[in-house]
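Following: one structure in structure tokens, then a few remarks.
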Amino acid sequence: MICDKSVSHHWLAVLDRIEPATIGPMAALLTMLLAFSILSPYFLTPSNLTNVFVQSAPLLILAAGQTFALLMGGLDLSQGSIVSLVSVVTAGVMMHHTLALGAAAGLGVGFGISLVNGLLIGRARIQPFIVTLGTLYIAAGLAMVYSGGSSIFGLPKPDVDYFFWFGGGFVGPFPVPVLIAALLIAAIYVVLGRTRFGRHVYAVGGNESVAVMSGIEVGRVKIVIYLISGGCASIAGFLMSGRVISGQPLLGAGDILLQSIGAVIIGGTSVFGGQGGVLRTVLGVFIITFMVNGLNLLAIDTFAQQVIIGAIIILSVWVNSLRRRRA
Amino acid sequence: MTAETTAAVAFASDVILELRRLRKTFPGVLALDDVDFDVRRGEVHALLGANGAGKSTLIKIVAGLYQADAGEIRIDGRPVELRDTQTARALGVSVIYQDFALVQHLSVAESLFLGRELISSLGLIDWKRTHTEARRLLDRLGIDIPTAEKVSNLSMGQRQLVEVAKALGVQAKLLILDEPTASLSRAEAERLFALIRKLAQSGVGIIYVSHRLEEIAPLVHRVTVLRDGRSVGTHPVDRLDRQNVVALITGHQRRPAEPSGPRVRSISEPLLELRHLSRSREFVDISLVLRRGEILVLTGLIGAGRTELLETIFGARRPAAGEILVRDKVVHFASPRDSIRSGIALLPEDRRGQGLAAVMPVFANITLASLGDFVRRLLLQPRQELQHARRMIVDLTIRTPSPFQAAGLLSGGNQQKLVLAKWLSTAADIFLLDEPTQGVDVATKAEIYRLIRSIAASGKAVLVVSSDLEEVMEIGDRILAIRQGRIVAEFRNQALDPALVIDAITYGQAA
């Protein structure tokens, strides 16, 4: 039996602690850090590390939101397109008005798409894969239509400086996007571990029928899950646009969506739902970003990097399934 | 048997399946205890017994699904080892389970040749031959269903016929039917019987598992009755009558000692009342009153509409007609959420599907329906939550190494106690328990009975659905017998003869 003493340091991490799923990714990350430190003299320098953290911030935010979708046994494919749409709408509105209005419009549109996801999944009960595949196309298309397919540059001063502050500024020694990511992750950690809603997310992912039969409003839980996932994508889109001080219709069209899902899986959250947590996702994100950074320093090209990341995703799920089978 | 009939002797050299001293144990349960059994060519052999008597264990061993712990199995006189279902199938054993194994989206012809598709010289499926062969097979059996029809468009009876045809397509020597008429109409059942007769005449040996001998008597040659994992004898069907069979199935069952503690007073207030509740094809005109402090047991055969009734009371299904009253007020539940708020709890029959989240830890399963009690200023209070979970674990003697253990790793009985703990954590005072001790070992069974009694004794009301006769007699204050969705008899559990209950659920009106 666990005595009460151990409970006191147990209490926050209750759900993350059920199984030692974090040991694998943790070991992988440490091995990687060690290897890169030995192989490259530039790896363990403050400027490189800061750089990695700044680059990690949008992915951290996206993947933290994606964690909810995977925990309920779904996924959110529309995150990348939401990033693009938020980017062009924010910049487009800002062009003629203020940053505040641009941010409100951009984030508003992002949350709007998320709400559509949530309602279709939670109320119309369509599979998350189908719904978010649809909104992936819709939001990406809307971003192209709104921007006419070209980037929106030349944002008015002085608002453009504030805009950049969100994506590339500093508070003391801390990069602003990293601070925002840290705050969001802390909040999500508390939500998942310490609120009723968080527990309901695990219950819906663990066994939806049981959740219904226990009186949980499953539809509403799903709506909130997709609001959070898309909301995180909106915030990430805003920060990324600030960093490039422009609206980019293809800002989220690249790797970032797959990295977001990949990071959650690498971290050890179960794709079947019900098991995992946001701290695992943080681990997954750092595995991906440090891997990319280290390989860049070693001058290994991006195509080879994709091969390696793909292999890591499969490996991590395989290791997890072996552990489950033994249990 | 002291004397075999002459007809049986004539068949004796033609034994297809022979089981000798078959034994099978599950943790805590002796499912089969030295059972002897045989089936002859061209014979329909009925296997009867109450739920839990060992019928399904026996057929699962013959099907290769389970392996016997001891004993011998001979097919066509040769000892065989049925390691898996493929081996059994290769030896000519075909089983049709209660929940049929047909794929909804396939056509009849596709279903008949599933897994042994007819291939053309190009390596593709030969559709023309598939349909002509399917037609020939169906015609031979006198089944007039179009081969191109989708399974999903067939009635339950037609599906059952297709299942039989499929089993015969693989040249079965021995066909096992598990309660095949449970979901069939009278006419559909008659067609199935005609088909079974035809098969028997062609030399197939048939094991027919059933609860109802009367219905199948004209079909059957011999009857074997199992009770508590033992064979209580094989008899030619013409030597048995209704009284006989009921006596064999129930045995000389002693009434359990009068349960202690306060008994029901019919003057106590009604908590739940059903008035003429109906749902098409599931249950009809159910009226009952459940009072504070009482354990009311609803018993009947599988498929009698019992689970559906509980789910309707719980708000997971809507009634087609009739009223539900909770504390004398008519209620209309849109979802389980509403009924939980009215103080109703449901322990579902499908424990792993609806009762607990297997990947979640024990403590989180316990508090799942009462999380609001542990929230202060929007945050869950883990200390209180764990404290509560630990108390429930101790109170209900849930055997788990820690509250953090994944619930799916507990044994069946402990999982069941866990689901009870979940509902005992809420303010529920109307407990609906659906087969509360299914798949639970004997020792834990007794603990669960104690728990159920203490729930009732604490002033709550318990409605139990059970098909385990011993359980019905053990815990019920009142017993309602349900047959084909209707309540056919009510018993007060005082010096009650269990045979009366068996008779009511099997044949309808009391004899």
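Chain lettering (A, B, ...) mirrors the order of the structure tokens, residue numbering begins at 1 for each chain separately, and ligand numbering begins at 1 in order of display.
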Give me, as a list in words, the residues of chain B touching chain A, with the criterion being at most 6 Å (counting only C-alpha atoms).
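The selection requested is Pro336, Arg337, Gln354, Gly355, Leu356, Ala357, Val359, Ala369, Leu379, Leu380, Pro382 and Ser402 of chain B.
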I'd like to know which residues of range 160-250 of chain B are strand (DSSP E or B) (by DSSP, run on the backbone); could you write them as a ChimeraX atom specification?
/B:174-178,205-210,222-227,230-236
I want to know what sits within 10 Å of Arg41 in chain B, based on only C-alpha atoms, with residues of the same chain fewer than 6 positions away left out; could you give that as a short mmCIF file (atom, residue, chain, number, x, y, z; two decimals) with C-alpha atoms, in the first residue's frame?
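Below is the file that was written, part.cif:
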```
data_model
loop_
_atom_site.label_atom_id
_atom_site.label_comp_id
_atom_site.auth_asym_id
_atom_site.auth_seq_id
_atom_site.Cartn_x
_atom_site.Cartn_y
_atom_site.Cartn_z
CA PHE B 11 -26.85 -46.42 -33.50
CA ALA B 12 -24.23 -47.31 -30.95
CA SER B 13 -21.51 -48.21 -33.44
CA ASP B 14 -22.03 -44.87 -35.07
CA VAL B 15 -20.78 -42.57 -32.35
CA ILE B 16 -19.42 -39.34 -33.83
CA LEU B 17 -18.42 -37.56 -30.66
CA ASP B 76 -15.23 -41.02 -34.97
CA LYS B 173 -20.25 -34.11 -39.20
CA LEU B 174 -21.28 -32.56 -35.94
CA ALA B 200 -30.13 -35.49 -38.96
CA GLN B 201 -31.62 -37.80 -41.56
CA SER B 202 -28.61 -37.17 -43.78
CA GLY B 203 -26.38 -38.48 -40.99
CA VAL B 204 -25.15 -35.33 -39.24
CA GLY B 205 -24.96 -35.51 -35.46
CA ILE B 206 -26.53 -32.51 -33.75
#
```
Range 166-178 of chain A surroundings by only C-alpha atoms, 6 Å radius, close-in-sequence under 2 positions cut, as an MDAnalysis selection string:
chainID A and resid 54 57 163:164 180:181 239:240 242:243
Residues from the last selection, N, CA and C atoms, saved as an mmCIF file, in the first residue's frame:
```
data_model
loop_
_atom_site.group_PDB
_atom_site.id
_atom_site.type_symbol
_atom_site.label_atom_id
_atom_site.label_comp_id
_atom_site.auth_asym_id
_atom_site.auth_seq_id
_atom_site.Cartn_x
_atom_site.Cartn_y
_atom_site.Cartn_z
ATOM 1 N N VAL A 54 12.838 28.541 -28.514
ATOM 2 C CA VAL A 54 11.974 29.465 -29.254
ATOM 3 C C VAL A 54 11.290 28.735 -30.409
ATOM 4 N N ALA A 57 8.375 26.523 -29.266
ATOM 5 C CA ALA A 57 7.187 27.084 -28.624
ATOM 6 C C ALA A 57 5.885 26.819 -29.391
ATOM 7 N N PHE A 163 3.387 43.137 -32.512
ATOM 8 C CA PHE A 163 3.101 41.836 -33.110
ATOM 9 C C PHE A 163 4.354 40.949 -33.039
ATOM 10 N N PHE A 164 5.493 41.541 -33.393
ATOM 11 C CA PHE A 164 6.735 40.767 -33.365
ATOM 12 C C PHE A 164 7.098 40.357 -31.939
ATOM 13 N N ILE A 180 4.704 32.024 -23.065
ATOM 14 C CA ILE A 180 3.289 31.746 -23.335
ATOM 15 C C ILE A 180 3.052 30.234 -23.382
ATOM 16 N N ALA A 181 3.960 29.527 -24.057
ATOM 17 C CA ALA A 181 3.824 28.070 -24.135
ATOM 18 C C ALA A 181 3.862 27.457 -22.741
ATOM 19 N N LEU A 239 1.317 33.526 -32.810
ATOM 20 C CA LEU A 239 2.720 33.717 -32.419
ATOM 21 C C LEU A 239 3.651 33.524 -33.616
ATOM 22 N N MET A 240 3.363 32.491 -34.425
ATOM 23 C CA MET A 240 4.222 32.228 -35.580
ATOM 24 C C MET A 240 4.161 33.383 -36.578
ATOM 25 N N GLY A 242 3.527 36.505 -35.811
ATOM 26 C CA GLY A 242 4.264 37.609 -35.213
ATOM 27 C C GLY A 242 5.762 37.459 -35.466
ATOM 28 N N ARG A 243 6.223 36.238 -35.387
ATOM 29 C CA ARG A 243 7.653 36.002 -35.573
ATOM 30 C C ARG A 243 8.106 36.346 -36.994
#
```
Which neighbours of range 147-151 of chain A fall inside 6 Å, counting only C-alpha atoms, when residues of the same chain fewer than 3 positions from it are skipped, and could you give them as a count of residues only?
3
Could you jot down the CA of Ile482 in chain B to CA of Asp497 in chain B separation for me, Å, one decimal place?
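Atom-to-atom, CA of Ile482 in chain B to CA of Asp497 in chain B, that is 17.0 Å.
Nearest to Arg21 in chain B of all the residues B:Arg230, B:Lys55, B:Arg89, B:Arg83 is B:Arg230, based on only C-alpha atoms.
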Atom pair CA of Glu447 in chain B / CA of Glu273 in chain B: separation (Å)
28.5 Å
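We find CA of His221 in chain B and CA of Leu161 in chain B to be spaced 21.5 Å apart.
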